[in-house]
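See below for work-v6.cif, which holds mmCIF, C-alpha atoms.
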```
data_coords
loop_
_atom_site.label_atom_id
_atom_site.label_comp_id
_atom_site.auth_asym_id
_atom_site.auth_seq_id
_atom_site.Cartn_x
_atom_site.Cartn_y
_atom_site.Cartn_z
CA MET A 1 -52.85 -20.91 -8.58
CA ALA A 2 -50.95 -18.09 -10.21
CA LYS A 3 -50.00 -16.77 -6.79
CA LEU A 4 -48.32 -20.05 -5.87
CA LYS A 5 -46.10 -19.97 -8.92
CA ASP A 6 -45.15 -16.35 -8.28
CA ILE A 7 -43.94 -17.16 -4.80
CA GLN A 8 -42.00 -20.11 -6.05
CA ARG A 9 -40.28 -17.98 -8.65
CA LYS A 10 -39.39 -15.40 -6.03
CA ILE A 11 -37.89 -18.06 -3.80
CA SER A 12 -35.66 -19.40 -6.51
CA ALA A 13 -34.54 -15.85 -7.40
CA VAL A 14 -33.57 -15.10 -3.81
CA LYS A 15 -31.74 -18.42 -3.64
CA LYS A 16 -29.66 -17.43 -6.62
CA THR A 17 -28.85 -14.07 -5.07
CA MET A 18 -27.81 -15.85 -1.94
CA GLN A 19 -25.40 -18.00 -3.89
CA ILE A 20 -23.80 -14.93 -5.36
CA THR A 21 -23.45 -13.09 -2.08
CA ARG A 22 -22.01 -16.17 -0.45
CA ALA A 23 -19.48 -16.56 -3.24
CA MET A 24 -18.53 -12.88 -2.99
CA ASN A 25 -18.02 -13.29 0.71
CA MET A 26 -15.61 -16.14 0.12
CA VAL A 27 -13.76 -14.29 -2.61
CA ALA A 28 -13.38 -11.27 -0.34
CA ALA A 29 -12.06 -13.52 2.41
CA ALA A 30 -9.46 -15.01 0.08
CA LYS A 31 -8.38 -11.57 -1.13
CA LEU A 32 -8.20 -10.32 2.41
CA ARG A 33 -5.79 -13.07 3.34
CA LYS A 34 -3.64 -12.25 0.33
CA VAL A 35 -3.40 -8.58 1.20
CA GLN A 36 -2.67 -9.36 4.79
CA ALA A 37 0.18 -11.60 3.75
CA ARG A 38 1.66 -8.83 1.63
CA ALA A 39 1.19 -6.28 4.37
CA GLU A 40 2.97 -8.62 6.74
CA SER A 41 6.01 -8.95 4.52
CA PHE A 42 6.15 -5.17 4.30
CA ALA A 43 5.99 -4.69 8.06
CA PRO A 44 9.68 -5.35 8.86
CA TYR A 45 10.72 -2.74 6.30
CA SER A 46 8.41 -0.03 7.53
CA GLN A 47 9.18 -0.75 11.16
CA LYS A 48 12.93 -0.61 10.75
CA PHE A 49 12.57 2.43 8.58
CA SER A 50 10.72 4.59 11.06
CA GLU A 51 13.15 3.49 13.74
CA VAL A 52 16.12 4.76 11.79
CA LEU A 53 14.41 7.90 10.55
CA GLY A 54 13.24 8.88 14.02
CA ASN A 55 16.76 8.35 15.18
CA ILE A 56 18.31 10.71 12.65
CA ALA A 57 15.54 13.27 12.76
CA SER A 58 15.96 13.67 16.48
CA ARG A 59 19.57 14.64 15.95
CA VAL A 60 19.23 17.34 13.33
CA GLU A 61 17.61 20.74 13.48
CA PRO A 62 13.94 20.49 12.48
CA ASP A 63 14.21 23.27 9.93
CA ILE A 64 17.07 21.66 8.07
CA HIS A 65 14.89 20.33 5.28
CA PRO A 66 12.03 22.08 3.48
CA LEU A 67 9.88 18.98 3.81
CA LEU A 68 10.02 19.34 7.57
CA VAL A 69 9.17 23.02 7.74
CA LYS A 70 5.61 24.00 8.46
CA ARG A 71 4.52 26.84 6.21
CA GLU A 72 3.01 29.80 7.94
CA GLU A 73 0.35 30.51 5.41
CA ILE A 74 -1.45 27.66 3.71
CA LYS A 75 -3.18 28.59 0.49
CA ARG A 76 -3.40 25.31 -1.30
CA SER A 77 -3.76 21.85 0.06
CA LEU A 78 -3.45 18.49 -1.59
CA LEU A 79 -5.51 15.51 -0.56
CA ILE A 80 -4.78 11.96 -1.59
CA LEU A 81 -8.01 10.06 -1.24
CA PHE A 82 -8.17 6.28 -1.22
CA THR A 83 -11.41 4.58 -2.15
CA ALA A 84 -12.18 1.12 -3.50
CA ASP A 85 -12.49 0.21 -7.16
CA ARG A 86 -15.66 -1.75 -6.57
CA GLY A 87 -18.83 -1.29 -4.65
CA LEU A 88 -20.93 -3.79 -2.71
CA CYS A 89 -18.91 -3.25 0.40
CA GLY A 90 -21.42 -1.57 2.67
CA SER A 91 -20.75 2.03 3.59
CA PHE A 92 -17.00 1.74 3.02
CA ASN A 93 -16.79 4.12 0.05
CA THR A 94 -19.54 6.43 1.25
CA ASN A 95 -17.77 6.95 4.55
CA LEU A 96 -14.53 7.88 2.85
CA ILE A 97 -16.16 10.16 0.30
CA ASN A 98 -18.31 11.97 2.87
CA ARG A 99 -15.36 12.51 5.11
CA ALA A 100 -13.29 13.85 2.24
CA GLU A 101 -16.00 16.17 1.02
CA LYS A 102 -16.60 17.55 4.48
CA TRP A 103 -12.89 18.14 4.91
CA ILE A 104 -12.64 19.96 1.60
CA ARG A 105 -15.60 22.20 2.52
CA ASP A 106 -13.95 23.00 5.85
CA GLN A 107 -10.74 23.92 4.10
CA GLU A 108 -12.54 26.08 1.61
CA GLU A 109 -14.22 27.96 4.40
CA LYS A 110 -10.79 28.79 5.69
CA GLY A 111 -9.88 30.07 2.25
CA ILE A 112 -7.70 27.10 1.36
CA LYS A 113 -8.05 25.66 -2.09
CA CYS A 114 -7.94 21.89 -2.39
CA ASP A 115 -6.47 19.66 -5.06
CA LEU A 116 -7.28 16.00 -5.23
CA ILE A 117 -5.39 12.88 -6.14
CA LEU A 118 -7.85 10.04 -6.32
CA ILE A 119 -6.99 6.41 -5.93
CA GLY A 120 -9.82 4.02 -6.68
CA LYS A 121 -12.74 4.10 -9.08
CA LYS A 122 -15.46 5.01 -6.62
CA GLY A 123 -13.81 8.23 -5.55
CA ARG A 124 -13.19 9.21 -9.15
CA ASP A 125 -16.80 8.52 -10.12
CA TYR A 126 -18.04 10.74 -7.35
CA PHE A 127 -15.67 13.68 -7.53
CA SER A 128 -15.27 13.89 -11.28
CA LYS A 129 -18.99 14.62 -11.61
CA ARG A 130 -18.71 17.58 -9.31
CA GLU A 131 -16.74 20.78 -9.22
CA PHE A 132 -13.45 19.61 -7.81
CA ASN A 133 -9.92 20.10 -8.91
CA ILE A 134 -8.61 16.62 -9.64
CA ILE A 135 -4.96 16.50 -10.52
CA GLU A 136 -4.59 12.82 -10.98
CA ASN A 137 -6.59 9.67 -10.62
CA TYR A 138 -5.51 6.07 -10.50
CA VAL A 139 -7.96 3.28 -11.16
CA ASN A 140 -7.58 -0.47 -10.77
CA ILE A 141 -4.16 -0.31 -9.24
CA TYR A 142 -4.78 -2.09 -5.96
CA GLY A 143 -2.74 -5.23 -5.87
CA LYS A 144 -0.39 -3.94 -8.54
CA VAL A 145 1.26 -1.31 -6.40
CA ASP A 146 4.97 -1.64 -5.91
CA ILE A 147 7.61 0.65 -4.52
CA LYS A 148 8.45 1.88 -8.00
CA PHE A 149 4.97 3.20 -8.64
CA ILE A 150 4.89 4.86 -5.25
CA ASN A 151 8.29 6.45 -5.74
CA GLN A 152 7.06 8.04 -8.95
CA LEU A 153 3.96 9.32 -7.24
CA ILE A 154 6.05 10.75 -4.41
CA ASP A 155 8.47 12.44 -6.79
CA LYS A 156 5.59 14.37 -8.29
CA ILE A 157 4.08 15.31 -4.96
CA VAL A 158 7.37 16.37 -3.42
CA GLU A 159 8.19 18.41 -6.47
CA SER A 160 4.93 20.32 -6.42
CA TYR A 161 5.45 20.93 -2.71
CA LEU A 162 8.96 22.27 -3.22
CA MET A 163 7.76 24.44 -6.11
CA GLU A 164 5.22 25.83 -3.65
CA GLU A 165 2.30 24.73 -5.77
CA VAL A 166 0.85 23.19 -2.64
CA ASP A 167 1.55 24.04 0.97
CA GLU A 168 0.34 20.90 2.62
CA VAL A 169 -0.28 17.29 1.66
CA ASN A 170 -2.72 15.00 3.42
CA MET A 171 -4.07 11.59 2.72
CA LEU A 172 -7.33 9.96 3.67
CA PHE A 173 -7.68 6.21 3.78
CA SER A 174 -9.59 3.62 5.70
CA ARG A 175 -7.67 2.25 8.62
CA PHE A 176 -8.22 -1.41 9.39
CA VAL A 177 -9.15 -1.63 13.04
CA SER A 178 -10.84 -5.02 13.07
CA MET A 179 -12.94 -7.18 10.82
CA LEU A 180 -15.99 -5.23 11.91
CA LYS A 181 -14.49 -1.78 12.16
CA GLN A 182 -12.74 0.28 9.52
CA GLU A 183 -12.08 3.91 10.21
CA PRO A 184 -11.52 6.70 7.70
CA THR A 185 -8.25 8.20 8.82
CA MET A 186 -6.57 11.45 7.85
CA VAL A 187 -2.78 11.55 7.85
CA LYS A 188 -0.55 14.53 7.22
CA LEU A 189 2.21 13.62 4.78
CA ILE A 190 3.95 16.93 4.21
CA PRO A 191 5.24 18.73 6.21
CA VAL A 192 6.68 15.51 7.52
CA GLU A 193 6.30 14.77 11.17
CA PRO A 194 9.04 12.25 11.88
CA PRO A 195 8.15 9.32 14.09
CA ASN A 196 9.16 9.81 17.67
CA VAL A 197 11.56 7.16 18.72
CA GLU A 198 13.09 7.09 22.12
CA ILE A 199 16.80 6.87 21.72
CA THR A 200 18.14 4.55 24.30
CA GLU A 201 21.77 4.69 25.26
CA SER A 202 22.20 1.01 24.57
CA LYS A 203 21.48 1.63 20.90
CA GLY A 204 24.93 3.09 20.59
CA GLY A 205 23.84 6.71 20.77
CA GLU A 206 25.90 8.54 18.21
CA TYR A 207 26.12 7.31 14.68
CA ILE A 208 28.78 7.93 12.15
CA CYS A 209 26.84 9.08 9.12
CA GLU A 210 27.82 8.88 5.53
CA PRO A 211 26.99 11.36 4.08
CA ARG A 212 26.19 13.87 6.84
CA PRO A 213 22.89 13.37 8.70
CA GLU A 214 21.39 16.39 6.95
CA GLU A 215 22.09 14.97 3.51
CA LEU A 216 20.97 11.52 4.52
CA LEU A 217 17.74 13.02 5.72
CA VAL A 218 17.15 14.50 2.29
CA GLN A 219 17.22 10.98 0.92
CA LEU A 220 15.20 9.42 3.67
CA LEU A 221 12.30 11.85 3.90
CA PRO A 222 10.73 11.09 0.51
CA LYS A 223 11.17 7.40 1.31
CA HIS A 224 9.42 7.93 4.59
CA ILE A 225 6.45 9.34 2.72
CA SER A 226 6.41 6.39 0.37
CA VAL A 227 6.44 3.97 3.28
CA GLN A 228 3.42 5.77 4.70
CA ILE A 229 1.60 5.65 1.39
CA MET A 230 2.42 1.99 0.94
CA ASN A 231 0.97 1.33 4.37
CA ALA A 232 -2.14 3.28 3.43
CA PHE A 233 -2.57 1.11 0.36
CA PHE A 234 -2.42 -2.04 2.42
CA GLN A 235 -4.69 -0.70 5.14
CA ASN A 236 -7.23 0.51 2.65
CA GLU A 237 -7.28 -2.71 0.70
CA THR A 238 -7.60 -4.80 3.83
CA SER A 239 -10.43 -2.59 5.03
CA GLU A 240 -12.21 -2.84 1.71
CA HIS A 241 -12.22 -6.61 1.72
CA ALA A 242 -13.20 -6.76 5.36
CA ALA A 243 -16.07 -4.36 4.70
CA ARG A 244 -17.17 -6.44 1.74
CA MET A 245 -17.05 -9.64 3.76
CA THR A 246 -19.27 -8.13 6.41
CA ALA A 247 -21.67 -6.68 3.86
CA MET A 248 -21.93 -9.96 1.98
CA ASP A 249 -22.33 -11.92 5.17
CA ASN A 250 -25.26 -9.69 6.11
CA ALA A 251 -26.72 -10.06 2.64
CA THR A 252 -26.51 -13.84 2.85
CA THR A 253 -28.26 -13.82 6.22
CA ASN A 254 -30.96 -11.54 4.88
CA CYS A 255 -31.48 -13.83 1.91
CA ALA A 256 -31.88 -16.81 4.20
CA GLU A 257 -34.45 -14.93 6.23
CA LEU A 258 -36.32 -13.87 3.14
CA ILE A 259 -36.39 -17.45 1.87
CA GLN A 260 -37.79 -18.62 5.16
CA ASP A 261 -40.58 -16.02 5.08
CA LEU A 262 -41.39 -16.77 1.46
CA THR A 263 -41.49 -20.51 2.10
CA LEU A 264 -43.92 -19.96 4.95
CA LEU A 265 -46.06 -17.81 2.67
CA TYR A 266 -45.87 -20.45 -0.03
CA ASN A 267 -46.96 -23.21 2.33
CA LYS A 268 -49.86 -21.15 3.59
CA ALA A 269 -50.99 -20.40 0.08
CA ARG A 270 -50.70 -24.04 -0.87
CA GLN A 271 -52.70 -25.09 2.16
CA ALA A 272 -55.35 -22.51 1.32
CA ALA A 273 -55.54 -23.81 -2.24
CA ILE A 274 -55.95 -27.41 -1.07
CA THR A 275 -58.64 -26.44 1.41
CA ALA A 276 -60.49 -24.55 -1.27
CA GLU A 277 -60.29 -27.57 -3.56
CA LEU A 278 -61.56 -29.87 -0.83
CA MET A 279 -64.45 -27.54 -0.16
CA ASP A 280 -65.28 -27.67 -3.82
CA ILE A 281 -65.29 -31.44 -3.88
CA VAL A 282 -67.28 -31.76 -0.68
CA GLY A 283 -69.71 -29.15 -1.92
CA GLY A 284 -70.07 -31.01 -5.20
CA ALA A 285 -70.66 -34.35 -3.44
CA GLU A 286 -73.33 -32.82 -1.16
CA ALA A 287 -75.06 -31.40 -4.16
CA LEU A 288 -75.01 -34.81 -5.90
CA LYS A 289 -76.45 -36.52 -2.80
CA LYS A 290 -79.36 -34.08 -2.67
CA ALA A 291 -80.12 -34.53 -6.30
CA MET B 1 36.39 -14.18 13.96
CA GLY B 2 33.23 -12.91 15.58
CA LYS B 3 29.90 -12.97 13.88
CA ILE B 4 27.63 -10.13 12.90
CA PHE B 5 23.98 -10.33 12.06
CA LEU B 6 23.01 -9.27 8.56
CA GLU B 7 19.51 -8.44 7.42
CA VAL B 8 18.61 -7.30 3.94
CA ILE B 9 15.04 -6.02 3.91
CA THR B 10 13.01 -4.90 0.92
CA PRO B 11 9.38 -3.76 0.87
CA ASP B 12 8.41 -7.20 -0.46
CA LYS B 13 10.29 -9.45 1.85
CA VAL B 14 13.20 -10.10 4.12
CA LEU B 15 15.81 -11.39 1.69
CA ILE B 16 18.59 -12.24 4.08
CA SER B 17 18.49 -12.64 7.81
CA ARG B 18 21.45 -14.58 9.18
CA GLU B 19 24.80 -14.47 10.91
CA VAL B 20 27.81 -13.73 8.75
CA ASP B 21 31.50 -13.02 9.27
CA MET B 22 31.77 -9.88 7.20
CA VAL B 23 29.71 -7.57 5.02
CA VAL B 24 30.84 -5.29 2.21
CA ALA B 25 28.21 -2.87 0.91
CA PRO B 26 28.08 -0.14 -1.75
CA GLY B 27 27.71 3.12 0.19
CA ILE B 28 27.07 6.54 -1.26
CA GLU B 29 30.63 7.57 -0.55
CA GLY B 30 32.19 4.32 -1.63
CA GLU B 31 32.19 0.71 -0.61
CA PHE B 32 32.47 -0.05 3.04
CA GLY B 33 33.20 -3.20 4.97
CA ILE B 34 31.71 -4.17 8.29
CA LEU B 35 33.31 -6.52 10.78
CA GLU B 36 32.46 -7.41 14.35
CA ASP B 37 32.24 -4.54 16.84
CA HIS B 38 31.88 -1.87 14.22
CA VAL B 39 30.96 1.53 15.55
CA ALA B 40 27.32 2.63 15.05
CA PHE B 41 27.10 3.69 11.46
CA LEU B 42 24.55 4.89 8.98
CA SER B 43 25.00 5.21 5.25
CA GLY B 44 23.06 5.63 2.07
CA ILE B 45 23.25 2.70 -0.33
CA VAL B 46 23.56 3.05 -4.08
CA PRO B 47 22.79 0.31 -6.61
CA GLY B 48 25.61 -2.16 -6.54
CA GLU B 49 26.99 -5.33 -5.13
CA LEU B 50 26.64 -6.44 -1.55
CA ARG B 51 29.00 -9.23 -0.49
CA TYR B 52 29.02 -11.17 2.70
CA MET B 53 31.29 -13.91 3.93
CA ILE B 54 30.10 -16.99 5.72
CA ASP B 55 32.73 -19.46 6.92
CA GLY B 56 35.22 -18.30 4.33
CA LYS B 57 32.73 -18.46 1.49
CA VAL B 58 31.66 -15.27 -0.21
CA GLU B 59 28.10 -14.78 -1.38
CA TYR B 60 26.81 -11.98 -3.55
CA CYS B 61 23.63 -10.06 -3.89
CA ALA B 62 22.53 -7.05 -5.89
CA VAL B 63 20.99 -4.15 -4.01
CA MET B 64 19.22 -1.03 -5.26
CA GLU B 65 18.80 2.38 -3.61
CA GLY B 66 18.34 2.49 0.13
CA PHE B 67 20.38 2.77 3.26
CA ALA B 68 22.15 0.68 5.85
CA GLU B 69 22.32 0.90 9.59
CA VAL B 70 24.99 -0.72 11.70
CA SER B 71 24.61 -0.96 15.44
CA ASN B 72 25.32 -3.59 18.07
CA ASN B 73 26.82 -6.06 15.62
CA ARG B 74 23.73 -5.90 13.51
CA VAL B 75 23.73 -4.70 9.91
CA SER B 76 20.31 -3.74 8.58
CA VAL B 77 20.18 -2.98 4.89
CA LEU B 78 16.91 -1.40 3.76
CA VAL B 79 16.66 -1.13 0.00
CA ASP B 80 13.99 -0.76 -2.68
CA ALA B 81 14.91 -4.10 -4.18
CA ALA B 82 17.52 -6.79 -3.69
CA GLU B 83 18.25 -10.13 -5.28
CA LYS B 84 20.69 -12.88 -4.60
CA ALA B 85 23.15 -13.51 -7.40
CA GLU B 86 21.53 -16.81 -8.38
CA GLU B 87 18.08 -15.23 -8.60
CA ILE B 88 18.86 -12.39 -10.97
CA ASP B 89 17.06 -12.39 -14.29
CA ILE B 90 19.96 -11.67 -16.63
CA GLU B 91 17.85 -11.29 -19.75
CA ARG B 92 15.70 -8.70 -18.09
CA ALA B 93 18.67 -6.79 -16.78
CA LYS B 94 20.33 -6.79 -20.19
CA LYS B 95 17.20 -5.45 -21.81
CA ALA B 96 16.90 -2.77 -19.15
CA LEU B 97 20.52 -1.81 -19.78
CA GLU B 98 19.95 -1.46 -23.52
CA ARG B 99 16.81 0.56 -22.95
CA ALA B 100 18.57 2.93 -20.60
CA GLN B 101 21.53 3.35 -22.95
CA LYS B 102 19.26 4.13 -25.87
CA ARG B 103 17.37 6.66 -23.85
CA LEU B 104 20.59 8.34 -22.78
CA GLU B 105 21.80 8.54 -26.36
CA GLN B 106 18.74 10.51 -27.36
CA LYS B 107 19.74 13.14 -24.82
CA GLU B 108 16.67 15.28 -25.43
CA GLY B 109 13.20 14.96 -24.09
CA ILE B 110 14.06 12.41 -21.44
CA ASP B 111 14.42 12.39 -17.76
CA ILE B 112 18.18 11.98 -17.60
CA ALA B 113 18.32 11.34 -13.89
CA ARG B 114 15.83 8.53 -14.19
CA ALA B 115 17.54 6.96 -17.17
CA GLU B 116 20.86 7.08 -15.39
CA ALA B 117 19.38 5.50 -12.32
CA ALA B 118 17.93 2.73 -14.47
CA LEU B 119 21.34 2.24 -16.08
CA ARG B 120 23.06 1.95 -12.73
CA ARG B 121 20.51 -0.56 -11.51
CA ALA B 122 20.88 -2.74 -14.58
CA MET B 123 24.66 -2.60 -14.36
CA ALA B 124 24.59 -3.57 -10.70
CA ARG B 125 22.42 -6.58 -11.45
CA LEU B 126 24.60 -7.73 -14.34
CA LYS B 127 27.78 -7.34 -12.34
CA VAL B 128 26.48 -9.43 -9.49
CA ALA B 129 24.95 -12.04 -11.79
CA GLY B 130 28.31 -12.36 -13.53
CA ARG B 131 29.96 -13.30 -10.23
CA VAL B 132 28.31 -16.66 -10.02
CA ARG B 133 27.79 -17.59 -13.63
CA ASP B 134 31.12 -17.03 -15.29
#
```

Written as structure tokens, how would this file's structure read?
Amino acid sequence: MAKLKDIQRKISAVKKTMQITRAMNMVAAAKLRKVQARAESFAPYSQKFSEVLGNIASRVEPDIHPLLVKREEIKRSLLILFTADRGLCGSFNTNLINRAEKWIRDQEEKGIKCDLILIGKKGRDYFSKREFNIIENYVNIYGKVDIKFINQLIDKIVESYLMEEVDEVNMLFSRFVSMLKQEPTMVKLIPVEPPNVEITESKGGEYICEPRPEELLVQLLPKHISVQIMNAFFQNETSEHAARMTAMDNATTNCAELIQDLTLLYNKARQAAITAELMDIVGGAEALKKA
Amino acid sequence: MGKIFLEVITPDKVLISREVDMVVAPGIEGEFGILEDHVAFLSGIVPGELRYMIDGKVEYCAVMEGFAEVSNNRVSVLVDAAEKAEEIDIERAKKALERAQKRLEQKEGIDIARAEAALRRAMARLKVAGRVRD
């Protein structure tokens, strides 16, 4: 009889787990919608921005600004790595961390030292336990990011680039391809590669610029980097929630399957117990008859 | 008078997107006004007051750092933040102003550029807010 109770207990435990995973799935879905809404309201800004920047950049010499110049020798590289603050989202964090670690090893083989700026708790947990040079880490900031925070971050990065403390800045985040696919993506931030925009004649061609295009570019380039980082934040957050939804959906399905198997097992055990009892009774009755 | 299309876009939202008669914006090298058929133009924007006229009525909004592009009778203002005069939180702006002033008085151990920028932003907000409330 003990076996029956055990199975029953297991079933109710799995049922509880299933409730949790289902709830997490729904929470992730709600958060996903929220992020998507914010990303959508950012889209007009970033779109217009790259349009204008591409337009100016195409009209000035590429070596006009130090942020545009590719350095010949790269000794030190900075990587901004985005991970999630929480787990339970499938291989989302693992993918990002593995990719980052592999990249750092590759760089080191080429004799390039790597510094890290970590965004998200999971990345910090992993890299802080190992021998890596972490300059900065930000935890629990998803959802609280605004342009002010990003501007401050950029100021620091641009400054260390101009002081030649680093020769290259990259970022790694998870690009949201679809609900089922999120791709770790590496983007080069500095030196800046301005977006290529075809300048059509109808757009008026020449602009009058105030101040001169070169000076305007000085203002716009750091902003361009912040727009890219802002986008990365949104992409990464969307990906995280999408990954969690998928993971939790799978978990819920697995729970349902497990419950089905356990119920079958339970019924079989119950049947076996009843049969055994019947045999006992019948056996007892036979014995009485003979007596 | 012909119309031009004005958009004021911040990272959070599109604040204004409508046809207006005229726009006056705070450029890096001074205020500039835009009317119909303006030549293609690009300028940095500093914290200040952006005015636009619709059917003879002037409306105000505060803008922060950014830039503006004018082409084909379309004025696109891209700034870090922008608020319409009615929406400005005066208390908050006043507090920010005091904070910035105090910081500037200390002179030492502060990021002067940042404090000054904060001061300019607060002043821009208060100026614009004053337009509709006095």

(Q) Only residues of chain A matter here; which ones have an atom within 7 Å of chain B, counting only C-alpha atoms? Give them as a list in words. (A) Ser41, Phe42, Tyr45, Ile147, Lys203, Gly204, Glu206, Tyr207, Ile208, Cys209, Glu210, Pro211 and Leu216 of chain A

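Put simply, the PyMOL selection byres ((chain B and resi 98) around 12) on this file hits B:Glu91, B:Arg92, B:Ala93, B:Lys94, B:Lys95, B:Ala96, B:Leu97, B:Arg99, B:Ala100, B:Gln101, B:Lys102, B:Arg103, B:Leu104, B:Glu105, B:Ala115, B:Glu116, B:Ala118, B:Leu119, B:Arg120, B:Ala122, B:Met123.
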
Q. Using all atoms listed in the file, which residues sit within 7 Å of segment 178-180 of chain A once same-chain residues fewer than 2 positions away are excluded, as a VMD selection string?
A. chain A and resid 176 182 242

Q.
When the PyMOL selection byres ((chain B and resi 61) around 12) is applied to the structure above, which residues does it catch, written out as a PyMOL selection string?
A. chain B and resi 8+15-16+23-26+47-53+58-60+62-64+77+79+81-88+124-132

Q | Atom-to-atom span, atom CA of Asn55 of chain A and atom CA of Gln36 of chain A, Å | A | 28.3 Å

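Computed from the coordinates, the atom CA of Glu215 of chain A to atom CA of Glu73 of chain A distance equals 26.8 Å.
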
Sphere at (2.1, 23.4, -1.0), radius 8 Å, counting all atoms listed in the file: residues as an mmCIF file with C-alpha atoms, in the frame of the given file:
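Written output follows (selection.cif):
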```
data_model
loop_
_atom_site.group_PDB
_atom_site.id
_atom_site.type_symbol
_atom_site.label_atom_id
_atom_site.label_comp_id
_atom_site.auth_asym_id
_atom_site.auth_seq_id
_atom_site.Cartn_x
_atom_site.Cartn_y
_atom_site.Cartn_z
ATOM 1 C CA ILE A 74 -1.450 27.660 3.710
ATOM 2 C CA LYS A 75 -3.180 28.590 0.490
ATOM 3 C CA ARG A 76 -3.400 25.310 -1.300
ATOM 4 C CA SER A 77 -3.760 21.850 0.060
ATOM 5 C CA LEU A 78 -3.450 18.490 -1.590
ATOM 6 C CA SER A 160 4.930 20.320 -6.420
ATOM 7 C CA TYR A 161 5.450 20.930 -2.710
ATOM 8 C CA LEU A 162 8.960 22.270 -3.220
ATOM 9 C CA MET A 163 7.760 24.440 -6.110
ATOM 10 C CA GLU A 164 5.220 25.830 -3.650
ATOM 11 C CA GLU A 165 2.300 24.730 -5.770
ATOM 12 C CA VAL A 166 0.850 23.190 -2.640
ATOM 13 C CA ASP A 167 1.550 24.040 0.970
ATOM 14 C CA GLU A 168 0.340 20.900 2.620
ATOM 15 C CA VAL A 169 -0.280 17.290 1.660
#
```

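Between atom CA of Lys188 of chain A and atom CA of Asn170 of chain A the interatomic distance comes to 4.4 Å.
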
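All polymer residues at most 12 Å from (-37.0, -19.1, -3.0), using all atoms listed in the file, appear as Leu4, Lys5, Asp6, Ile7, Gln8, Arg9, Lys10, Ile11, Ser12, Ala13, Val14, Lys15, Lys16, Thr17, Met18, Gln19, Cys255, Ala256, Glu257, Leu258, Ile259, Gln260, Asp261, Leu262, Thr263, Leu264, Leu265 and Tyr266 of chain A.
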
Where does the PyMOL selection byres ((chain A and resi 184) around 6) land in this file, that is, which residues does it pick, as a PDB file with C-alpha atoms, in the coordinates of the input?
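Resulting contents of out.pdb:
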```pdb
ATOM      1  CA  LEU A  96     -14.530   7.880   2.850  1.00  0.00           C
ATOM      2  CA  PHE A 173      -7.680   6.210   3.780  1.00  0.00           C
ATOM      3  CA  SER A 174      -9.590   3.620   5.700  1.00  0.00           C
ATOM      4  CA  ARG A 175      -7.670   2.250   8.620  1.00  0.00           C
ATOM      5  CA  GLU A 183     -12.080   3.910  10.210  1.00  0.00           C
ATOM      6  CA  THR A 185      -8.250   8.200   8.820  1.00  0.00           C
TER       7      THR A 185
END
```

Using all atoms listed in the file, determine which residues lie at most 12 Å from segment 148-153 of chain A, disregarding the query and same-chain residues fewer than 2 positions distant; provide the list as a compact mmCIF listing (two decimals) with C-alpha atoms, in the frame of the given file.
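result36.txt was written with the following content:
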```txt
# COMPACT_ATOMS: atom_id res chain seq x y z
CA ILE A 80 -4.78 11.96 -1.59
CA ILE A 117 -5.39 12.88 -6.14
CA LEU A 118 -7.85 10.04 -6.32
CA ILE A 119 -6.99 6.41 -5.93
CA ILE A 135 -4.96 16.50 -10.52
CA GLU A 136 -4.59 12.82 -10.98
CA ASN A 137 -6.59 9.67 -10.62
CA TYR A 138 -5.51 6.07 -10.50
CA ILE A 141 -4.16 -0.31 -9.24
CA TYR A 142 -4.78 -2.09 -5.96
CA GLY A 143 -2.74 -5.23 -5.87
CA LYS A 144 -0.39 -3.94 -8.54
CA VAL A 145 1.26 -1.31 -6.40
CA ASP A 146 4.97 -1.64 -5.91
CA ASP A 155 8.47 12.44 -6.79
CA LYS A 156 5.59 14.37 -8.29
CA ILE A 157 4.08 15.31 -4.96
CA VAL A 158 7.37 16.37 -3.42
CA GLU A 159 8.19 18.41 -6.47
CA SER A 160 4.93 20.32 -6.42
CA LEU A 221 12.30 11.85 3.90
CA PRO A 222 10.73 11.09 0.51
CA LYS A 223 11.17 7.40 1.31
CA HIS A 224 9.42 7.93 4.59
CA ILE A 225 6.45 9.34 2.72
CA SER A 226 6.41 6.39 0.37
CA VAL A 227 6.44 3.97 3.28
CA GLN A 228 3.42 5.77 4.70
CA ILE A 229 1.60 5.65 1.39
CA MET A 230 2.42 1.99 0.94
CA ASN A 231 0.97 1.33 4.37
CA ALA A 232 -2.14 3.28 3.43
CA PHE A 233 -2.57 1.11 0.36
CA PRO B 11 9.38 -3.76 0.87
CA ASP B 12 8.41 -7.20 -0.46
CA MET B 64 19.22 -1.03 -5.26
CA GLU B 65 18.80 2.38 -3.61
CA VAL B 79 16.66 -1.13 0.00
CA ASP B 80 13.99 -0.76 -2.68
CA ALA B 81 14.91 -4.10 -4.18
CA ARG B 114 15.83 8.53 -14.19
CA ALA B 118 17.93 2.73 -14.47
```

**Q.** All residues 12 Å or closer to Arg124 of chain A, all atoms listed in the file, same chain fewer than 3 positions away omitted, as a PyMOL selection string
**A.** chain A and resi 80-86+93+97+116-121+127-130+132-140

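Using all atoms listed in the file, the contacts of Asn25 of chain A at a cut-off of 8 Å, with sequence neighbours closer than 6 positions omitted, comprise Arg244, Met245, Thr246, Met248 and Asp249 of chain A.
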
Just-selected residues, C-alpha atoms written as an mmCIF file, keeping the file's coordinate frame:
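Listed below is the output, out_7.cif:
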```cif
data_model
loop_
_atom_site.group_PDB
_atom_site.id
_atom_site.type_symbol
_atom_site.label_atom_id
_atom_site.label_comp_id
_atom_site.auth_asym_id
_atom_site.auth_seq_id
_atom_site.Cartn_x
_atom_site.Cartn_y
_atom_site.Cartn_z
ATOM 1 C CA ARG A 244 -17.170 -6.440 1.740
ATOM 2 C CA MET A 245 -17.050 -9.640 3.760
ATOM 3 C CA THR A 246 -19.270 -8.130 6.410
ATOM 4 C CA MET A 248 -21.930 -9.960 1.980
ATOM 5 C CA ASP A 249 -22.330 -11.920 5.170
#
```
